[in-house]
file input13.cif (mmCIF, C-alpha atoms and all ligand atoms)
data_entry
loop_
_atom_site.group_PDB
_atom_site.id
_atom_site.type_symbol
_atom_site.label_atom_id
_atom_site.label_comp_id
_atom_site.auth_asym_id
_atom_site.auth_seq_id
_atom_site.Cartn_x
_atom_site.Cartn_y
_atom_site.Cartn_z
ATOM 1 C CA MET S 272 28.948 -14.044 7.242
ATOM 2 C CA ARG S 273 30.915 -13.598 4.079
ATOM 3 C CA PHE S 274 33.150 -16.502 4.984
ATOM 4 C CA VAL S 275 30.177 -18.761 5.682
ATOM 5 C CA SER S 276 28.428 -18.012 2.431
ATOM 6 C CA ALA S 277 31.672 -18.462 0.475
ATOM 7 C CA LEU S 278 32.158 -21.811 2.160
ATOM 8 C CA PHE S 279 28.575 -22.800 1.433
ATOM 9 C CA LEU S 280 28.935 -21.719 -2.149
ATOM 10 C CA SER S 281 32.099 -23.683 -2.752
ATOM 11 C CA ALA S 282 30.585 -26.786 -1.145
ATOM 12 C CA ALA S 283 27.552 -26.458 -3.387
ATOM 13 C CA MET S 284 29.777 -25.933 -6.401
ATOM 14 C CA GLY S 285 31.827 -28.989 -5.455
ATOM 15 C CA ALA S 286 28.705 -31.125 -5.236
ATOM 16 C CA ALA S 287 27.442 -29.813 -8.556
ATOM 17 C CA LEU S 288 30.794 -30.529 -10.146
ATOM 18 C CA LEU S 289 30.820 -34.073 -8.810
ATOM 19 C CA MET S 290 27.301 -34.635 -10.070
ATOM 20 C CA SER S 291 28.102 -33.325 -13.513
ATOM 21 C CA MET S 292 31.272 -35.408 -13.654
ATOM 22 C CA ALA S 293 29.367 -38.595 -12.861
ATOM 23 C CA GLY S 294 27.111 -38.205 -15.869
ATOM 24 C CA VAL S 295 29.437 -36.027 -17.866
ATOM 25 C CA SER S 296 29.557 -37.940 -21.088
ATOM 26 C CA LYS S 297 25.947 -38.988 -21.618
ATOM 27 C CA ALA S 298 24.176 -35.954 -20.181
ATOM 28 C CA GLY S 299 26.706 -33.768 -22.010
ATOM 29 C CA GLY S 300 26.076 -35.622 -25.265
ATOM 30 C CA ALA S 301 22.306 -35.289 -24.951
ATOM 31 C CA ASP S 302 22.712 -31.546 -24.360
ATOM 32 C CA VAL S 303 25.039 -31.141 -27.330
ATOM 33 C CA PHE S 304 22.586 -33.129 -29.475
ATOM 34 C CA LYS S 305 19.814 -30.658 -28.576
ATOM 35 C CA SER S 306 21.856 -27.485 -28.695
ATOM 36 C CA LYS S 307 23.293 -28.321 -32.144
ATOM 37 C CA GLY S 308 19.806 -28.779 -33.572
ATOM 38 C CA CYS S 309 20.186 -32.503 -34.269
ATOM 39 C CA ALA S 310 16.734 -33.181 -32.820
ATOM 40 C CA ALA S 311 15.134 -31.144 -35.614
ATOM 41 C CA CYS S 312 15.841 -34.030 -38.001
ATOM 42 C CA HIS S 313 16.342 -37.088 -35.785
ATOM 43 C CA TYR S 314 14.279 -38.584 -32.974
ATOM 44 C CA THR S 315 16.026 -40.520 -30.235
ATOM 45 C CA ASP S 316 13.185 -42.064 -28.209
ATOM 46 C CA GLY S 317 11.683 -45.357 -29.347
ATOM 47 C CA PRO S 318 9.765 -47.321 -30.303
ATOM 48 C CA ALA S 319 9.280 -46.295 -33.939
ATOM 49 C CA LYS S 320 6.892 -43.353 -34.312
ATOM 50 C CA GLU S 321 6.195 -43.367 -38.053
ATOM 51 C CA LYS S 322 3.014 -45.215 -38.979
ATOM 52 C CA THR S 323 2.076 -43.916 -42.411
ATOM 53 C CA ILE S 324 3.897 -42.913 -45.557
ATOM 54 C CA ALA S 325 3.113 -39.294 -44.682
ATOM 55 C CA ASP S 326 4.863 -39.775 -41.305
ATOM 56 C CA GLN S 327 7.881 -41.213 -43.091
ATOM 57 C CA LEU S 328 8.004 -38.364 -45.603
ATOM 58 C CA ALA S 329 7.813 -35.828 -42.774
ATOM 59 C CA LYS S 330 11.048 -37.219 -41.291
ATOM 60 C CA LYS S 331 14.080 -35.153 -42.263
ATOM 61 C CA GLY S 332 16.604 -37.777 -41.241
ATOM 62 C CA PRO S 333 16.850 -41.395 -40.110
ATOM 63 C CA GLU S 334 15.578 -42.360 -36.660
ATOM 64 C CA LEU S 335 18.338 -42.757 -34.067
ATOM 65 C CA TRP S 336 16.490 -44.383 -31.159
ATOM 66 C CA TYR S 337 18.375 -47.669 -31.622
ATOM 67 C CA ALA S 338 21.679 -46.097 -32.725
ATOM 68 C CA GLY S 339 23.622 -47.859 -29.946
ATOM 69 C CA SER S 340 22.492 -51.253 -31.220
ATOM 70 C CA LYS S 341 23.033 -50.426 -34.900
ATOM 71 C CA PHE S 342 26.389 -48.668 -35.147
ATOM 72 C CA ARG S 343 29.955 -49.350 -34.134
ATOM 73 C CA PRO S 344 31.205 -46.613 -31.775
ATOM 74 C CA GLY S 345 34.477 -46.052 -33.642
ATOM 75 C CA TRP S 346 32.698 -45.455 -36.923
ATOM 76 C CA LEU S 347 30.030 -43.265 -35.304
ATOM 77 C CA GLY S 348 32.461 -40.926 -33.545
ATOM 78 C CA ALA S 349 34.543 -40.490 -36.698
ATOM 79 C CA TRP S 350 31.488 -39.949 -38.922
ATOM 80 C CA LEU S 351 29.979 -37.292 -36.630
ATOM 81 C CA ALA S 352 33.226 -35.322 -36.870
ATOM 82 C CA ASP S 353 33.534 -35.821 -40.623
ATOM 83 C CA PRO S 354 30.248 -37.003 -42.158
ATOM 84 C CA LYS S 355 30.229 -38.399 -45.699
ATOM 85 C CA PRO S 356 27.112 -39.421 -47.654
ATOM 86 C CA ILE S 357 25.754 -42.892 -46.775
ATOM 87 C CA ARG S 358 22.599 -42.891 -48.877
ATOM 88 C CA PRO S 359 23.345 -42.193 -52.557
ATOM 89 C CA TYR S 360 20.031 -40.307 -52.853
ATOM 90 C CA LYS S 361 18.761 -37.544 -50.611
ATOM 91 C CA TYR S 362 16.796 -38.876 -47.644
ATOM 92 C CA ASN S 363 13.266 -39.886 -48.724
ATOM 93 C CA SER S 364 14.014 -39.192 -52.389
ATOM 94 C CA LEU S 365 14.399 -41.686 -55.231
ATOM 95 C CA THR S 366 15.679 -39.192 -57.777
ATOM 96 C CA GLU S 367 17.696 -36.396 -56.163
ATOM 97 C CA LYS S 368 21.358 -37.045 -55.476
ATOM 98 C CA ASN S 369 22.596 -36.761 -51.899
ATOM 99 C CA ALA S 370 24.786 -33.671 -52.067
ATOM 100 C CA GLY S 371 26.304 -34.279 -48.608
ATOM 101 C CA GLY S 372 26.768 -31.378 -46.228
ATOM 102 C CA HIS S 373 25.482 -33.145 -43.092
ATOM 103 C CA PRO S 374 26.144 -30.972 -39.976
ATOM 104 C CA LYS S 375 29.618 -31.608 -38.533
ATOM 105 C CA LEU S 376 30.618 -31.734 -34.877
ATOM 106 C CA SER S 377 33.985 -30.717 -33.449
ATOM 107 C CA GLY S 378 36.081 -33.560 -31.988
ATOM 108 C CA GLY S 379 34.964 -33.114 -28.362
ATOM 109 C CA ASP S 380 31.290 -32.716 -29.219
ATOM 110 C CA ALA S 381 31.436 -35.702 -31.579
ATOM 111 C CA GLY S 382 32.812 -37.878 -28.767
ATOM 112 C CA GLN S 383 30.082 -36.799 -26.340
ATOM 113 C CA VAL S 384 27.269 -37.251 -28.861
ATOM 114 C CA LYS S 385 28.717 -40.642 -29.841
ATOM 115 C CA ASP S 386 28.537 -41.744 -26.182
ATOM 116 C CA PHE S 387 24.975 -40.455 -25.910
ATOM 117 C CA LEU S 388 23.869 -42.242 -29.096
ATOM 118 C CA MET S 389 25.681 -45.487 -28.186
ATOM 119 C CA GLY S 390 23.586 -45.523 -25.005
ATOM 120 C CA LEU S 391 20.412 -45.823 -27.101
ATOM 121 C CA THR S 392 20.182 -49.600 -27.320
ATOM 122 C CA VAL S 393 17.265 -51.980 -27.767
ATOM 123 C CA LYS S 394 16.576 -55.222 -25.958
ATOM 124 C CA GLY S 395 17.279 -58.423 -27.830
ATOM 125 C CA VAL S 396 20.169 -57.092 -29.932
ATOM 126 C CA ALA S 397 23.528 -58.135 -28.496
ATOM 127 C CA ALA S 398 26.457 -55.725 -28.699
ATOM 128 C CA ALA S 399 28.737 -56.065 -31.732
ATOM 129 C CA PRO S 400 31.592 -58.541 -31.354
ATOM 130 C CA PRO S 401 35.055 -56.966 -31.208
ATOM 131 C CA MET S 402 36.525 -56.356 -34.662
ATOM 132 C CA LYS S 403 39.178 -59.017 -34.115
ATOM 133 C CA ASP S 404 36.418 -61.639 -33.751
ATOM 134 C CA ILE S 405 34.457 -60.590 -36.835
ATOM 135 C CA LYS S 406 35.735 -63.593 -38.810
ATOM 136 C CA LYS S 407 34.304 -65.896 -36.144
ATOM 137 C CA ILE S 408 30.681 -64.852 -36.604
ATOM 138 C CA LYS S 409 28.476 -67.701 -37.739
ATOM 139 C CA GLY S 410 27.342 -68.126 -41.320
ATOM 140 C CA LYS S 411 28.487 -69.207 -44.755
ATOM 141 C CA LYS S 412 29.831 -66.257 -46.715
ATOM 142 C CA ILE S 413 29.587 -67.976 -50.100
ATOM 143 C CA LYS S 414 25.893 -68.752 -49.567
ATOM 144 C CA GLY S 415 25.316 -65.205 -48.341
ATOM 145 C CA LYS S 416 26.956 -63.884 -51.477
ATOM 146 C CA LEU S 417 24.601 -65.941 -53.611
ATOM 147 C CA THR S 418 21.607 -64.541 -51.718
ATOM 148 C CA PHE S 419 22.871 -60.974 -51.942
ATOM 149 C CA THR S 420 23.970 -60.940 -55.571
ATOM 150 C CA LYS S 421 21.728 -63.542 -57.258
ATOM 151 C CA LYS S 422 18.806 -65.013 -55.372
ATOM 152 C CA GLN S 423 17.474 -61.801 -53.822
ATOM 153 C CA PRO S 424 17.412 -58.241 -55.157
ATOM 154 C CA CYS S 425 19.701 -56.811 -52.408
ATOM 155 C CA SER S 426 22.369 -55.626 -54.846
ATOM 156 C CA GLY S 427 19.710 -53.840 -56.897
ATOM 157 C CA CYS S 428 19.246 -51.346 -54.043
ATOM 158 C CA HIS S 429 22.554 -51.322 -52.166
ATOM 159 C CA LEU S 430 26.060 -50.338 -53.235
ATOM 160 C CA TYR S 431 28.748 -52.786 -52.105
ATOM 161 C CA PRO S 432 32.419 -53.412 -52.826
ATOM 162 C CA ALA S 433 32.661 -56.276 -55.329
ATOM 163 C CA ARG S 434 35.907 -57.826 -56.479
ATOM 164 C CA LYS S 435 37.017 -55.043 -58.823
ATOM 165 C CA LYS S 436 34.738 -52.107 -58.152
ATOM 166 C CA VAL S 437 31.965 -50.695 -56.023
ATOM 167 C CA THR S 438 28.719 -51.742 -57.680
ATOM 168 C CA GLY S 439 24.972 -52.088 -56.992
ATOM 169 C CA GLY S 440 21.871 -49.924 -56.710
ATOM 170 C CA PHE S 441 21.168 -46.505 -55.228
ATOM 171 C CA THR S 442 17.836 -46.605 -53.409
ATOM 172 C CA GLY S 443 19.091 -48.052 -50.117
ATOM 173 C CA PRO S 444 21.983 -46.958 -47.894
ATOM 174 C CA SER S 445 25.397 -47.844 -49.263
ATOM 175 C CA LEU S 446 26.798 -50.946 -47.601
ATOM 176 C CA VAL S 447 30.388 -50.051 -48.494
ATOM 177 C CA ASN S 448 32.407 -50.324 -45.265
ATOM 178 C CA ALA S 449 29.501 -52.061 -43.483
ATOM 179 C CA VAL S 450 32.005 -54.073 -41.443
ATOM 180 C CA ALA S 451 33.198 -50.934 -39.688
ATOM 181 C CA ARG S 452 29.802 -49.260 -39.539
ATOM 182 C CA LEU S 453 27.143 -51.820 -38.556
ATOM 183 C CA ASN S 454 26.652 -54.296 -35.714
ATOM 184 C CA PRO S 455 26.079 -57.718 -37.350
ATOM 185 C CA ASN S 456 23.621 -58.611 -34.564
ATOM 186 C CA TRP S 457 21.545 -55.567 -35.487
ATOM 187 C CA ILE S 458 21.607 -56.502 -39.201
ATOM 188 C CA GLN S 459 20.152 -59.887 -38.289
ATOM 189 C CA ALA S 460 17.504 -58.377 -36.021
ATOM 190 C CA TYR S 461 16.580 -55.906 -38.778
ATOM 191 C CA MET S 462 16.341 -58.610 -41.450
ATOM 192 C CA GLU S 463 14.224 -60.760 -39.148
ATOM 193 C CA ASN S 464 11.818 -57.985 -38.256
ATOM 194 C CA SER S 465 12.431 -54.818 -40.259
ATOM 195 C CA LYS S 466 9.028 -53.404 -39.233
ATOM 196 C CA ALA S 467 10.184 -53.005 -35.630
ATOM 197 C CA PHE S 468 12.866 -50.579 -36.764
ATOM 198 C CA LYS S 469 11.381 -49.094 -39.921
ATOM 199 C CA PRO S 470 7.632 -49.750 -39.910
ATOM 200 C CA VAL S 471 6.883 -47.837 -43.085
ATOM 201 C CA LYS S 472 7.844 -49.885 -46.112
ATOM 202 C CA ASP S 473 11.316 -48.869 -47.110
ATOM 203 C CA MET S 474 12.865 -52.193 -47.938
ATOM 204 C CA PRO S 475 11.091 -55.414 -48.831
ATOM 205 C CA ASN S 476 10.451 -57.319 -45.608
ATOM 206 C CA PHE S 477 12.447 -60.542 -45.814
ATOM 207 C CA ALA S 478 10.908 -62.149 -42.751
ATOM 208 C CA GLY S 479 9.392 -65.419 -43.974
ATOM 209 C CA ILE S 480 11.333 -65.250 -47.253
ATOM 210 C CA LEU S 481 14.804 -65.743 -45.838
ATOM 211 C CA SER S 482 15.374 -68.409 -43.180
ATOM 212 C CA LYS S 483 17.402 -67.622 -40.063
ATOM 213 C CA ALA S 484 20.317 -69.441 -41.689
ATOM 214 C CA ASP S 485 19.949 -67.353 -44.900
ATOM 215 C CA ILE S 486 19.995 -64.187 -42.765
ATOM 216 C CA ARG S 487 23.119 -65.323 -40.917
ATOM 217 C CA ASN S 488 24.808 -66.113 -44.233
ATOM 218 C CA VAL S 489 23.933 -62.792 -45.842
ATOM 219 C CA THR S 490 25.084 -60.951 -42.703
ATOM 220 C CA LYS S 491 28.368 -62.834 -42.867
ATOM 221 C CA PHE S 492 28.747 -61.695 -46.496
ATOM 222 C CA ILE S 493 27.923 -58.067 -45.563
ATOM 223 C CA MET S 494 30.638 -58.265 -42.889
ATOM 224 C CA SER S 495 33.146 -58.725 -45.727
ATOM 225 C CA PHE S 496 32.305 -55.236 -47.068
ATOM 226 C CA LYS S 497 35.387 -53.063 -46.558
ATOM 227 C CA PRO S 498 35.806 -49.394 -47.575
ATOM 228 C CA LYS S 499 37.053 -50.278 -51.074
ATOM 229 C CA ALA S 500 36.699 -52.898 -53.794
ATOM 230 C CA LYS S 501 38.917 -55.916 -53.145
HETATM 231 C C1 LIG S 601 18.644 -30.954 -41.590
HETATM 232 C C2 LIG S 601 18.456 -32.269 -41.014
HETATM 233 C C3 LIG S 601 19.569 -32.872 -40.197
HETATM 234 C C4 LIG S 601 20.219 -32.350 -39.100
HETATM 235 C C5 LIG S 601 20.063 -30.955 -38.491
HETATM 236 C C6 LIG S 601 21.083 -33.399 -38.613
HETATM 237 N N1 LIG S 601 20.959 -34.513 -39.382
HETATM 238 FE FE1 LIG S 601 21.847 -36.311 -39.058
HETATM 239 N N2 LIG S 601 21.135 -36.991 -40.821
HETATM 240 C C7 LIG S 601 20.287 -36.309 -41.658
HETATM 241 C C8 LIG S 601 20.122 -37.061 -42.883
HETATM 242 C C9 LIG S 601 19.273 -36.654 -44.065
HETATM 243 C C10 LIG S 601 20.919 -38.240 -42.735
HETATM 244 C C11 LIG S 601 21.192 -39.313 -43.780
HETATM 245 C C12 LIG S 601 22.529 -38.967 -44.424
HETATM 246 C C13 LIG S 601 23.055 -39.957 -45.406
HETATM 247 O O1 LIG S 601 22.484 -41.029 -45.565
HETATM 248 O O2 LIG S 601 24.099 -39.665 -45.997
HETATM 249 C C14 LIG S 601 21.511 -38.173 -41.420
HETATM 250 C C15 LIG S 601 22.297 -39.178 -40.872
HETATM 251 C C16 LIG S 601 22.737 -39.197 -39.571
HETATM 252 C C17 LIG S 601 23.343 -40.331 -38.920
HETATM 253 C C18 LIG S 601 23.512 -41.709 -39.543
HETATM 254 C C19 LIG S 601 22.168 -42.425 -39.436
HETATM 255 C C20 LIG S 601 21.935 -43.574 -40.367
HETATM 256 O O3 LIG S 601 20.996 -44.348 -40.109
HETATM 257 O O4 LIG S 601 22.638 -43.707 -41.383
HETATM 258 C C21 LIG S 601 23.670 -39.927 -37.651
HETATM 259 C C22 LIG S 601 24.322 -40.764 -36.576
HETATM 260 C C23 LIG S 601 23.284 -38.533 -37.531
HETATM 261 N N3 LIG S 601 22.716 -38.126 -38.707
HETATM 262 C C24 LIG S 601 23.485 -37.729 -36.406
HETATM 263 C C25 LIG S 601 23.234 -36.363 -36.373
HETATM 264 C C26 LIG S 601 23.692 -35.470 -35.320
HETATM 265 C C27 LIG S 601 24.457 -35.888 -34.087
HETATM 266 C C28 LIG S 601 23.270 -34.217 -35.651
HETATM 267 C C29 LIG S 601 23.522 -32.919 -34.921
HETATM 268 C C30 LIG S 601 24.893 -32.463 -34.952
HETATM 269 C C31 LIG S 601 22.539 -34.321 -36.896
HETATM 270 N N4 LIG S 601 22.563 -35.627 -37.305
HETATM 271 C C32 LIG S 601 21.921 -33.266 -37.528
HETATM 272 C C33 LIG S 601 19.675 -35.105 -41.383
HETATM 273 C C34 LIG S 601 20.065 -34.238 -40.373
HETATM 274 C C1 LIG S 602 13.905 -52.216 -53.028
HETATM 275 C C2 LIG S 602 15.187 -51.831 -52.487
HETATM 276 C C3 LIG S 602 15.848 -52.732 -51.457
HETATM 277 C C4 LIG S 602 16.129 -54.072 -51.534
HETATM 278 C C5 LIG S 602 15.751 -55.043 -52.634
HETATM 279 C C6 LIG S 602 16.901 -54.396 -50.343
HETATM 280 N N1 LIG S 602 17.073 -53.279 -49.575
HETATM 281 FE FE1 LIG S 602 18.116 -53.178 -47.844
HETATM 282 N N2 LIG S 602 17.444 -51.279 -47.552
HETATM 283 C C7 LIG S 602 16.676 -50.574 -48.445
HETATM 284 C C8 LIG S 602 16.289 -49.335 -47.826
HETATM 285 C C9 LIG S 602 15.444 -48.266 -48.506
HETATM 286 C C10 LIG S 602 16.861 -49.331 -46.507
HETATM 287 C C11 LIG S 602 16.734 -48.315 -45.387
HETATM 288 C C12 LIG S 602 16.608 -46.913 -45.756
HETATM 289 C C13 LIG S 602 16.917 -45.901 -44.689
HETATM 290 O O1 LIG S 602 17.169 -46.217 -43.541
HETATM 291 O O2 LIG S 602 16.954 -44.761 -45.083
HETATM 292 C C14 LIG S 602 17.600 -50.568 -46.408
HETATM 293 C C15 LIG S 602 18.388 -50.908 -45.311
HETATM 294 C C16 LIG S 602 19.226 -52.007 -45.255
HETATM 295 C C17 LIG S 602 20.239 -52.231 -44.261
HETATM 296 C C18 LIG S 602 20.599 -51.255 -43.154
HETATM 297 C C19 LIG S 602 21.584 -50.276 -43.722
HETATM 298 C C20 LIG S 602 21.740 -48.994 -42.984
HETATM 299 O O3 LIG S 602 22.813 -48.438 -43.056
HETATM 300 O O4 LIG S 602 20.784 -48.546 -42.354
HETATM 301 C C21 LIG S 602 20.820 -53.434 -44.543
HETATM 302 C C22 LIG S 602 21.943 -54.111 -43.784
HETATM 303 C C23 LIG S 602 20.157 -53.965 -45.718
HETATM 304 N N3 LIG S 602 19.204 -53.071 -46.137
HETATM 305 C C24 LIG S 602 20.438 -55.182 -46.303
HETATM 306 C C25 LIG S 602 19.691 -55.723 -47.365
HETATM 307 C C26 LIG S 602 19.798 -57.104 -47.814
HETATM 308 C C27 LIG S 602 20.727 -58.145 -47.225
HETATM 309 C C28 LIG S 602 18.916 -57.243 -48.841
HETATM 310 C C29 LIG S 602 18.581 -58.506 -49.622
HETATM 311 C C30 LIG S 602 18.184 -59.671 -48.845
HETATM 312 C C31 LIG S 602 18.295 -55.939 -49.054
HETATM 313 N N4 LIG S 602 18.782 -55.057 -48.130
HETATM 314 C C32 LIG S 602 17.384 -55.657 -50.056
HETATM 315 C C33 LIG S 602 16.342 -50.951 -49.731
HETATM 316 C C34 LIG S 602 16.428 -52.245 -50.206
#
call {"tool": "encode", "arguments": {"input": "input13.cif", "output": "C-alpha cells", "more": "lines below"}}
Ligand code: HEC
Ligand code: HEC
result
Amino acid sequence: MRFVSALFLSAAMGAALLMSMAGVSKAGGADVFKSKGCAACHYTDGPAKEKTIADQLAKKGPELWYAGSKFRPGWLGAWLADPKPIRPYKYNSLTEKNAGGHPKLSGGDAGQVKDFLMGLTVKGVAAAPPMKDIKKIKGKKIKGKLTFTKKQPCSGCHLYPARKKVTGGFTGPSLVNAVARLNPNWIQAYMENSKAFKPVKDMPNFAGILSKADIRNVTKFIMSFKPKAK
C-alpha cells in the first residue's frame, strides 16, 4: 500500500515537473510579475483600456500589453534588473522630476519576466531586425534628422544624443539609447497609428502629417541614437 502510493506520488510529481518545465519561462514570468506587484501599475492585456484623460491619469505606469513588439529583449532584461529613469518627468506629470526608484528584479526573476513580456506581441508589427542588420533598415537618416530636429517638434519633447551633448525636451520618454531599447518596426507602427497604442492624447498624432517615407526616415534617424552623445 505504502509502496503503491509512493509510486503514484512520484509519477504524479514527475508529470507535474514535466508540465512546469514545458512552460517554465513564460508561466514563471507571469507569476513573478503578479507576485512582485507589477500588475498594480502595469496592465498586460490589450487592446488599450484607457479612453479618457481620467483613465490615463489613473494609470500608475505605462501599459505593457505590446511590450514584446516594442522592446528589444536584451535591453528589457537588463533594465528590469537595473532600472534607470526613461521619462525625465514622473509618469503623468509635466512638472515633477522622475526621481527613479523603479522596483528592481533579481537576475533570475528579470529573465523570466523579460520572457513573459516579450511574449506580449501585437499583430502587424514585425520583430526587430538583429542588431547587426540595423544599418540596413530602410530610410534616409539625413531627412529623418531634418524632420526630428527642424520640421517637426520632436526634439522639443524628447531627449536625444546630438553631436556633442544630450539635448532636447523633457515631456516625452528619453530617446537616448533608442537603438538598443526600441524595435524600429514598432516605432513606425506607433507613428502611423499612435491611438492604437496610446489612445489618450500624449503625443501629437503624426498620422496624416508625416508620410510613410517621412516616418521611415525619422525612424532611421532614431536608430542612430546611442547611449551617449557622438
Ligand atoms: C508603483 C508603480 C510601479 C510598479 C509597482 C512597477 N512599475 Fe514598472 N513602471 C512604472 C513607471 C512609473 C514606469 C515609467 C518609468 C520611467 O519612465 O522611467 C515604469 C516602467 C516600466 C517599464 C518600461 C515601460 C516603458 O514603456 O518605458 C517596464 C518594462 C516595467 N515598468 C516593468 C515593471 C515590472 C516587471 C514590475 C514589477 C517588478 C514593475 N514594472 C513594477 C511604475 C511601476
Ligand atoms: C508634445 C510633445 C511631443 C512631441 C512634439 C513628440 N512626442 Fe514623441 N512622445 C511624447 C510622449 C508624451 C510619448 C509617450 C509617453 C509615454 O508613453 O509615457 C511619446 C512617445 C514617443 C516614442 C516612444 C518612446 C517610448 O519609449 O515609449 C517615440 C519613438 C516618439 N515619441 C517619437 C517622436 C517623434 C519622431 C516625434 C516627431 C515627429 C515626436 N515623438 C514628437 C511626446 C511628444
call {"tool": "residues_near_point", "arguments": {"input": "input13.cif", "point": "(27.0, -68.9, -42.0)", "cutoff": "6 Å", "atoms": "all atoms listed in the file", "output": "VMD selection string"}}
result
chain S and resid 409 to 411 487 to 488
call {"tool": "residues_near_ligand", "arguments": {"input": "input13.cif", "ligand": "ligand LIG 601 (chain S)", "cutoff": "7 Å", "atoms": "all atoms listed in the file", "output": "list in words"}}
result
Phe304, Lys307, Gly308, Cys309, Ala310, Ala311, Cys312, His313, Lys331, Gly332, Pro333, Glu334, Leu335, Leu347, Leu351, Lys355, Pro356, Ile357, Arg358, Lys361, Tyr362, Asn369, Gly371, His373, Pro374, Lys375, Leu376, Val384 and Pro444 of chain S
call {"tool": "atom_distance", "arguments": {"input": "input13.cif", "atom1": "atom CA of Asp302 of chain S", "atom2": "atom CA of Val396 of chain S"}}
result
26.3 Å
call {"tool": "residues_near_ligand", "arguments": {"input": "input13.cif", "ligand": "ligand LIG 602 (chain S)", "cutoff": "6 Å", "atoms": "all atoms listed in the file", "output": "list of chain:residue names"}}
result
S:Pro333, S:Phe419, S:Gln423, S:Pro424, S:Cys425, S:Gly427, S:Cys428, S:Thr442, S:Gly443, S:Pro444, S:Ile458, S:Asp473, S:Met474, S:Pro475, S:Val489
call {"tool": "closest_residue", "arguments": {"input": "input13.cif", "among": "S:Leu365, S:Ala478, S:Ala338, S:Val471", "to": "Asn454 of chain S", "atoms": "only C-alpha atoms"}}
result
S:Ala338
call {"tool": "closest_residue", "arguments": {"input": "input13.cif", "among": "S:Pro498, S:Pro344, S:Gly479, S:Gly317", "to": "Pro400 of chain S", "atoms": "all atoms listed in the file"}}
result
S:Pro344
call {"tool": "decode", "arguments": {"input": "input13.cif", "residues": "segment 365-378 of chain S", "atoms": "N, CA and C atoms", "output": "PDB file, in the first residue's frame"}}
result
ATOM      1  N   LEU S 365       3.940  66.820 -15.657  1.00  0.00           N
ATOM      2  CA  LEU S 365       4.702  67.692 -16.565  1.00  0.00           C
ATOM      3  C   LEU S 365       5.579  68.653 -15.769  1.00  0.00           C
ATOM      4  N   THR S 366       5.674  68.432 -14.473  1.00  0.00           N
ATOM      5  CA  THR S 366       6.457  69.341 -13.642  1.00  0.00           C
ATOM      6  C   THR S 366       7.403  68.625 -12.674  1.00  0.00           C
ATOM      7  N   GLU S 367       6.969  67.473 -12.165  1.00  0.00           N
ATOM      8  CA  GLU S 367       7.777  66.797 -11.137  1.00  0.00           C
ATOM      9  C   GLU S 367       8.840  65.912 -11.764  1.00  0.00           C
ATOM     10  N   LYS S 368      10.063  66.052 -11.304  1.00  0.00           N
ATOM     11  CA  LYS S 368      11.151  65.237 -11.831  1.00  0.00           C
ATOM     12  C   LYS S 368      10.960  63.760 -11.509  1.00  0.00           C
ATOM     13  N   ASN S 369      11.374  62.904 -12.405  1.00  0.00           N
ATOM     14  CA  ASN S 369      11.355  61.460 -12.155  1.00  0.00           C
ATOM     15  C   ASN S 369      12.545  61.131 -11.250  1.00  0.00           C
ATOM     16  N   ALA S 370      12.229  60.746 -10.015  1.00  0.00           N
ATOM     17  CA  ALA S 370      13.304  60.508  -9.044  1.00  0.00           C
ATOM     18  C   ALA S 370      13.875  59.099  -9.153  1.00  0.00           C
ATOM     19  N   GLY S 371      13.364  58.287 -10.081  1.00  0.00           N
ATOM     20  CA  GLY S 371      13.866  56.912 -10.221  1.00  0.00           C
ATOM     21  C   GLY S 371      13.257  56.004  -9.173  1.00  0.00           C
ATOM     22  N   GLY S 372      13.973  54.964  -8.803  1.00  0.00           N
ATOM     23  CA  GLY S 372      13.481  54.057  -7.772  1.00  0.00           C
ATOM     24  C   GLY S 372      12.454  53.056  -8.257  1.00  0.00           C
ATOM     25  N   HIS S 373      12.418  52.767  -9.571  1.00  0.00           N
ATOM     26  CA  HIS S 373      11.513  51.732 -10.081  1.00  0.00           C
ATOM     27  C   HIS S 373      11.866  50.390  -9.440  1.00  0.00           C
ATOM     28  N   PRO S 374      10.854  49.550  -9.079  1.00  0.00           N
ATOM     29  CA  PRO S 374      11.165  48.244  -8.474  1.00  0.00           C
ATOM     30  C   PRO S 374      12.159  47.445  -9.320  1.00  0.00           C
ATOM     31  N   LYS S 375      13.094  46.801  -8.649  1.00  0.00           N
ATOM     32  CA  LYS S 375      14.154  46.018  -9.292  1.00  0.00           C
ATOM     33  C   LYS S 375      13.852  44.536  -9.181  1.00  0.00           C
ATOM     34  N   LEU S 376      14.256  43.751 -10.143  1.00  0.00           N
ATOM     35  CA  LEU S 376      14.135  42.299 -10.036  1.00  0.00           C
ATOM     36  C   LEU S 376      15.530  41.684  -9.972  1.00  0.00           C
ATOM     37  N   SER S 377      15.634  40.558  -9.258  1.00  0.00           N
ATOM     38  CA  SER S 377      16.917  39.848  -9.225  1.00  0.00           C
ATOM     39  C   SER S 377      17.148  39.242 -10.609  1.00  0.00           C
ATOM     40  N   GLY S 378      18.366  38.851 -10.911  1.00  0.00           N
ATOM     41  CA  GLY S 378      18.721  38.346 -12.243  1.00  0.00           C
ATOM     42  C   GLY S 378      17.765  37.286 -12.791  1.00  0.00           C
TER      43      GLY S 378
END
